[in-house]
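**Q** Let me give you the structure first, and then I'll get to my questions.
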Amino acid sequence: MKAVFKVEMIKNLQDKGLYFWTFILPIIFTVLFISIFTAGTEGADKEYVIISIVPGYTVMFVFFIIISMGFSFIEDRNKGMVARLASTPLSPYAYLMGKWTPYMVIVMIQIIVLLTFGKIVYNIPIDQPVLLSLLAIILTLCITGMGLAISLLIPTGNMGVAITQVVALGGALLGGLWMPLEHMPTLFQKIGKFTPQFWAHKAFKDAMTGTLSHSNFLVAALVLLSIGCVGFIIALVTYPNFLKRAKN
């Protein structure tokens, strides 16, 4: 498992494109949209927009790590790595954990960098740092758990890109990351509450402003952890079929 983790981590650190998608593009979008939506506003209105956009785009862009996860698993499958590992004592659980944990590290770093950028540049409040930190860990587990399931189910990398875009952008729209949920049609508001983006974004905003109650934190945490756990279980169950498609 440690060897798989090390190889995967080195491979990602050498991927310059990952730095662009993970850090540069989210910062560009954050700056651009804050500039657009705060033009002509001051005081509380401007602060409200910033407190919504910074965690909103943080939550949206962390989902794109699923693309990298998908291509990594497909590369292992097509180059015979999975088949060779299957002939060793390494268990499917250890293989999946070894592939999973590097992306947890990457997503955690991404969240820290984007929120730190928001703090330094826009002085966003962080009134409940402990709850915010726990939410960052829980969101990381949720997204990478989903990524595991998708990575083992997709037949091609392009399919992974398409599914990730639907999940990331569709969830961002319905989850209230682009505009306040209360401004959307009633049907969209109801559907939005079934997205992980809605629960993560709302909890992040409340923790930043110091209004996140422990009961609301537990609800958001339960929803996000449940999604992540279901993703990992799906990955374990579908691993045999993934192995069958692997080249020797």
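Here's how to read the names in the structure tokens: chain A, B, ... by the order shown, residue numbers from 1 in each chain, ligand numbers from 1 in the order shown.
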Give the alpha helix (DSSP H) residues of segment 35-102 of chain A, as assigned by DSSP on the backbone, as a PyMOL selection string.
**A** chain A and resi 35-37+43-62+65-78+81-86+92-102
**Q** With a distance cut-off of 12 Å and only C-alpha atoms, select the neighbouring residues of His214 of chain A, excluding the residue or stretch itself and same-chain residues fewer than 5 positions from it, and output the selection as a PyMOL selection string.
**A** chain A and resi 128+130-132+134-135+203+206-207+219-221
**Q** Residues as selected, C-alpha atoms, written as a tab-separated table (two decimals), in the first residue's frame, can you do that?
**A**
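Saved the output as result-v8.tsv:
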```
chain	number	residue	atom	x	y	z
A	128	GLN	CA	-15.16	28.41	13.63
A	130	VAL	CA	-12.15	23.67	14.13
A	131	LEU	CA	-15.47	22.93	12.44
A	132	LEU	CA	-14.15	24.34	9.17
A	134	LEU	CA	-13.31	19.03	10.07
A	135	LEU	CA	-15.56	19.96	7.15
A	203	ALA	CA	-21.72	24.32	6.15
A	206	ASP	CA	-21.84	29.01	8.29
A	207	ALA	CA	-18.53	27.89	9.82
A	219	VAL	CA	-26.19	16.61	9.49
A	220	ALA	CA	-23.83	17.96	6.83
A	221	ALA	CA	-21.04	15.65	8.00
```
**Q** Name the residues in contact with Gly231 of chain A at a cut-off of 9 Å, using only C-alpha atoms, excluding same-chain residues fewer than 3 positions from it; report them as a VMD selection string.
**A** chain A and resid 142 to 150 226 to 228 234 to 236
**Q** Any idea what's packed within 12 Å of Phe117 of chain A, counting only C-alpha atoms, ignoring anything in its chain fewer than 2 positions away? Could you give it as a PyMOL selection string?
**A** chain A and resi 23-24+26-28+30-31+54-55+58+110-115+119-124
**Q** Do you have the atom CA of Leu224 of chain A-atom CA of Gly192 of chain A distance handy?
**A**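 Going from atom CA of Leu224 of chain A over to atom CA of Gly192 of chain A covers 14.0 Å.
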**Q** Nearest to Phe198 of chain A among A:Val223, A:Met104, A:Leu212, A:Leu96, with distances taken over only C-alpha atoms: which residue is it?
**A** A:Val223
**Q** Please identify all polymer residues within 7 Å of Gly70 of chain A, counting only C-alpha atoms, omitting same-chain residues fewer than 4 positions from it, and present them as a compact mmCIF listing (two decimals) with N, CA, C and O atoms, in the first residue's frame.
**A**
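Saved result, out02.txt, follows:
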```
# COMPACT_ATOMS: atom_id res chain seq x y z
N ILE A 66 -11.60 14.30 -9.60
CA ILE A 66 -12.11 13.01 -10.08
C ILE A 66 -11.57 12.69 -11.47
O ILE A 66 -11.36 11.53 -11.82
N ILE A 74 -7.40 4.20 -15.11
CA ILE A 74 -7.45 3.66 -16.47
C ILE A 74 -6.04 3.36 -16.97
O ILE A 74 -5.80 2.34 -17.65
N SER A 151 -14.08 6.10 -11.03
CA SER A 151 -12.86 5.64 -11.70
C SER A 151 -12.89 4.17 -12.05
O SER A 151 -12.35 3.75 -13.07
N GLY A 157 -11.22 7.38 -20.29
CA GLY A 157 -10.93 8.64 -19.62
C GLY A 157 -11.89 9.74 -20.02
O GLY A 157 -12.28 10.57 -19.19
N GLY A 160 -14.91 9.62 -18.09
CA GLY A 160 -14.68 10.17 -16.76
C GLY A 160 -14.75 11.68 -16.75
O GLY A 160 -15.30 12.29 -15.83
```
**Q** Please report the interatomic distance between atom CA of Ala246 of chain A and atom CA of Arg77 of chain A in Å with one decimal.
**A** 4.5 Å
